[in-house]
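Since the structure comes first, as structure tokens, the remarks are kept for the end.
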Amino acid sequence: MTETSLWFDQALLADGWVRDVRLTLQGGRIARVETGVARQPGEPSQGAAVPGLCNLHSHAFQRGMAGLAEVAGPEGDNFWTWREAMYLFVDRLTPDDSRAIAELAYAEMLEAGFTRVGEFHYLHNDLDGRAFADRAEMAHGIVGAAEATGIGLTLLPVFYAHANFGGLPPKPGQRRFIHDVDGFARLMEASRTALAPLPDPVLGVAPHSLRAVTPEELADVVRLADGPVHIHAAEQVKEVADCLAWSGARPVEWLLANASMDSRWCLIHATHMTPDETLGLARSGAVAGLCPMTEANLGDGVFPARDYLAAGGALGVGTDSNVLIDAAAELRGLEYAQRLVRRERNVLAPGAGRSTGAALFQAALAGGARALDIGAGLTEGASADIVALDLDHPSLVNRRGDALLDGWVFACRDNPVRSVWRRGRQVVADGRHVEREGIAARYRAAVARIVA
């Protein structure tokens, strides 16, 4: 089996930053980690190595509508008006369109430093709302996009049955998402088959939200997978009010009391929580899946991150609507929202003299890996998912250790990610995905047809 060696000036290993590191890759994994070793004649420096991050929440198809919902309507715009624009976009998407859009989204994720994506995949049915002969027809496009780009995939098929709490019938605009439990079970089996071409896929399950499932359906759907369980929760004030009217409890409160949540679970957004809910979620072992760029774009609100982290909570970041795919921007947005609310600086740093960028990166690394059911870190035997930062970037010059992460998260106008290896395969070189030209051409053709 062929070996490849990569030498880095600095690398973020499990025990912290180390200088002069050689990583030897074999069979898609890190076979050896050597530290304090001299660079050999003719051996290039790859810069600074950090582990690839997990993007724990993506709706890939929404990359195609980025920027198309930024025109004000006749009344106050909010999440619910944005959702109607999304339904109109979905109405024209074919399986080929969906794949082409996902390819670009995944290439951009790799360029940004994400090496695995949790695809919260709810676009299942044909244009008229009927099931495809192959229940996983749309999932095949997602798998194909992951295979073409090289990104790791945790597929999270979404169960969506109702328009609102109490089992209300779905709306016409939701017809491409809708299943009953039996049909969804067939979709899960078909999804397992669809994932077969990938080297290290993970299959989880995603009950969309409490407003889209009944308690009985939630229990049935969770039993269909032994992988991660992701669910939207408490993203919007209206959602909280509707949940209270239905059950007498808030969404996170209801889940804590009724869903037996543990480390398999990831609550997406969890924006609007009381102090008791914040503490309960932190203690449950579940991960809070935060998407700061989308949450800001949709006007959702601000997650209580400092209190949650102080209580020992785990979190990760995702790109959700893919309005802007940028790992550093998600981490920066998380911290900056806290600063604006609290009128303080370095809110999420773990103490005096500690790096905010490093704290954000390490939290997202650990929480994202837990949420997507993989290991994390540059260690022997681990998947060779490596991100190389350009030490000649103006905001990284002469930086060492955690200062590199502060520079990347807070000070880089352009992307300092120079190279990315995913399972030992170089997928990003000189800041661009190695197949970007063809991927971008297919994307342009698909979107030109949809928005014509």
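In the structure tokens, chains take the letters A, B, ... in the order shown, each chain's residues start at 1, and ligands count up from 1 in the order shown.
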List every residue of range 174-258 of chain A that has an atom at most 8 Å from any atom of range 364-381 of chain A, and for each one report the closest atom pair and its distance in Å to one decimal, counting only C-alpha atoms, with rows sorted by chain and then by increasing residue number, as a Markdown table.
| residue | atom | partner | partner_atom | distance |
| --- | --- | --- | --- | --- |
| A:Val202 | CA | A:Asp373 | CA | 7.2 |
| A:Gly227 | CA | A:Asp373 | CA | 7.0 |
| A:Pro228 | CA | A:Asp373 | CA | 6.5 |
| field | Spatial neighbours of Trp246 in chain A, 7 Å, only C-alpha atoms, chain gap at least 2 places, as a list in words | value | Phe165, Gly166, Asp242, Cys243, Leu244 and Gly248 of chain A
Taking C-alpha atoms for each residue, export the selection above as a compact mmCIF listing (two decimals), in the first residue's frame.
# COMPACT_ATOMS: atom_id res chain seq x y z
CA PHE A 165 -47.88 20.83 16.11
CA GLY A 166 -50.73 18.46 16.75
CA ASP A 242 -46.96 27.10 19.14
CA CYS A 243 -45.32 24.30 21.11
CA LEU A 244 -46.53 25.80 24.39
CA GLY A 248 -47.83 23.23 27.68
| message | Show me, as a PyMOL selection string, the residues that have an atom within 12 Å of Ala48 in chain A when counting only C-alpha atoms, minus same-chain residues fewer than 4 positions from it. | response | chain A and resi 6-13+17-23+386-393+396-405+408+416-420
Residues from the last selection, C-alpha atoms, saved as a compact mmCIF listing (two decimals), in the first residue's frame:
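Generated file (selection_13.txt):
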# COMPACT_ATOMS: atom_id res chain seq x y z
CA LEU A 6 3.52 15.48 4.50
CA TRP A 7 5.77 17.82 6.50
CA PHE A 8 4.32 20.76 8.43
CA ASP A 9 5.98 23.65 10.24
CA GLN A 10 3.28 23.29 12.91
CA ALA A 11 0.43 20.88 13.59
CA LEU A 12 -2.43 20.80 16.04
CA LEU A 13 -2.29 17.31 17.50
CA TRP A 17 0.51 22.40 18.98
CA VAL A 18 3.79 20.80 17.91
CA ARG A 19 6.57 22.05 15.63
CA ASP A 20 8.23 20.21 12.73
CA VAL A 21 5.72 17.43 12.14
CA ARG A 22 5.65 14.72 9.50
CA LEU A 23 2.40 12.83 8.89
CA ILE A 386 -6.15 17.34 7.21
CA VAL A 387 -6.45 21.08 6.61
CA ALA A 388 -3.29 23.05 5.83
CA LEU A 389 -3.20 26.77 6.60
CA ASP A 390 -0.99 29.07 4.52
CA LEU A 391 1.66 30.54 6.82
CA ASP A 392 2.39 33.25 4.24
CA HIS A 393 -1.13 34.64 4.51
CA LEU A 396 -0.99 34.40 9.75
CA VAL A 397 2.57 35.67 9.24
CA ASN A 398 4.86 34.73 12.14
CA ARG A 399 1.95 33.34 14.17
CA ARG A 400 2.41 30.28 16.33
CA GLY A 401 -0.05 27.84 17.82
CA ASP A 402 -3.40 29.22 18.93
CA ALA A 403 -2.57 32.60 17.40
CA LEU A 404 -2.99 30.91 14.01
CA LEU A 405 -6.57 30.00 14.89
CA TRP A 408 -7.96 32.47 10.77
CA PRO A 416 -6.02 30.94 4.33
CA VAL A 417 -6.85 27.26 3.71
CA ARG A 418 -4.21 26.24 1.20
CA SER A 419 -4.63 22.48 0.97
CA VAL A 420 -7.04 19.83 2.23
| task | Step one, run DSSP on the backbone; step two, keep only residues of range 251-446 of chain A assigned to helix (DSSP H, G or I); then write them as a PyMOL selection string. | result | chain A and resi 251-258+275-284+292-297+305-310+327-342+356-372+402-411+436-446
Contacts of range 294-398 of chain A with range 104-108 of chain A up to 8 Å, shortest pair per row, only C-alpha atoms, as JSON lines:
{"residue": "A:Asn322", "atom": "CA", "partner": "A:Ala105", "partner_atom": "CA", "distance": 7.4}
{"residue": "A:Ile325", "atom": "CA", "partner": "A:Glu108", "partner_atom": "CA", "distance": 6.4}
{"residue": "A:Asp326", "atom": "CA", "partner": "A:Glu108", "partner_atom": "CA", "distance": 8.0}
| How many Å lie between CA of Leu153 in chain A and CA of Glu216 in chain A, rounded to one decimal? |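 Separating CA of Leu153 in chain A from CA of Glu216 in chain A is a distance of 28.6 Å.
Distance-wise, CA of Lys171 in chain A and CA of His208 in chain A end up 15.0 Å apart.
Residues in contact range of Ala225 in chain A, defined as at most 10 Å between only C-alpha atoms, with sequence neighbours fewer than 5 positions away removed, read Leu156, Ala185, Met188, Glu189, Leu203, Gly204, Val205 and Ala206 of chain A.
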Written selection (C-alpha atoms) as an mmCIF file, in the first residue's frame:
data_model
loop_
_atom_site.group_PDB
_atom_site.id
_atom_site.type_symbol
_atom_site.label_atom_id
_atom_site.label_comp_id
_atom_site.auth_asym_id
_atom_site.auth_seq_id
_atom_site.Cartn_x
_atom_site.Cartn_y
_atom_site.Cartn_z
ATOM 1 C CA LEU A 156 -29.516 12.265 7.857
ATOM 2 C CA ALA A 185 -38.638 2.988 6.811
ATOM 3 C CA MET A 188 -33.989 4.388 5.267
ATOM 4 C CA GLU A 189 -33.298 0.954 3.782
ATOM 5 C CA LEU A 203 -26.383 6.919 8.403
ATOM 6 C CA GLY A 204 -28.431 8.705 11.002
ATOM 7 C CA VAL A 205 -31.985 9.932 11.163
ATOM 8 C CA ALA A 206 -33.580 13.361 11.404
#
| query | Which residues, written as a ChimeraX atom specification, have at least one atom at most 10 Å from Val451 in chain A, with only C-alpha atoms counted and residues fewer than 2 positions away on the same chain left out? | reply | /A:64-65,68,89,92,446-449
| task | Find the residues near Ala311 in chain A: any atom within 9 Å, counting only C-alpha atoms, skip ones fewer than 3 places away on the same chain, and give them as JSON, numbers by chain. | result | {"A": [278, 279, 282, 283, 306, 307, 308]}
| remark: Pairwise distance, CA of Cys291 in chain A with CA of Trp254 in chain A, equals 22.2 Å
| request: Mind checking which residues fall within 7 Å of range 94-102 of chain A, counting only C-alpha atoms, ignoring those fewer than 6 positions away in the same chain, and posting them as a ChimeraX atom specification? | output: /A:60-61,63-64,138,141-142,144-145,442-443,446
Next, write the just-selected residues to a file, as a short mmCIF file (atom, residue, chain, number, x, y, z; two decimals), in the first residue's frame, keeping C-alpha atoms as the atom set.
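Printed below is part_25.cif as written:
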data_model
loop_
_atom_site.label_atom_id
_atom_site.label_comp_id
_atom_site.auth_asym_id
_atom_site.auth_seq_id
_atom_site.Cartn_x
_atom_site.Cartn_y
_atom_site.Cartn_z
CA ALA A 60 -27.18 21.34 0.25
CA PHE A 61 -29.84 22.29 -2.31
CA ARG A 63 -26.87 26.73 -1.93
CA GLY A 64 -28.62 27.30 -5.26
CA MET A 138 -32.63 12.14 -4.37
CA GLY A 141 -27.48 12.64 -5.84
CA ILE A 142 -26.19 13.59 -2.41
CA GLY A 144 -22.78 11.18 -5.83
CA ALA A 145 -21.84 14.71 -4.85
CA ARG A 442 -22.50 21.91 -13.82
CA TYR A 443 -23.76 24.15 -11.03
CA ALA A 446 -28.49 23.78 -13.19
#
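Take the candidates A:Arg264, A:Glu111, A:Lys238, A:Gly173 and check each one against Glu84 in chain A using only C-alpha atoms; the shortest distance goes to A:Gly173.
Using only C-alpha atoms, the nearest neighbour of Ala363 in chain A within the list A:Gly47, A:Gly73, A:Gly424, A:Gly313 is A:Gly313.
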| query | Of the residues A:Gly118, A:Gly16, A:Pro350, A:Gly28, which is the one nearest to Leu309 in chain A, using only C-alpha atoms? | reply | A:Pro350
| task | Taking the DSSP assignment computed from this structure's backbone, write out as a list in words all residues of range 231-326 of chain A that belong to strand (DSSP E or B). | result |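 Strand (DSSP E or B) assignments inside range 231-326 of chain A correspond to Ile231, His232, Ala233, Trp265, Cys266, Leu267, Ile268, His269, Val287, Ala288, Gly289, Leu290, Ala314, Leu315, Gly316, Val317 and Asp320 of chain A.
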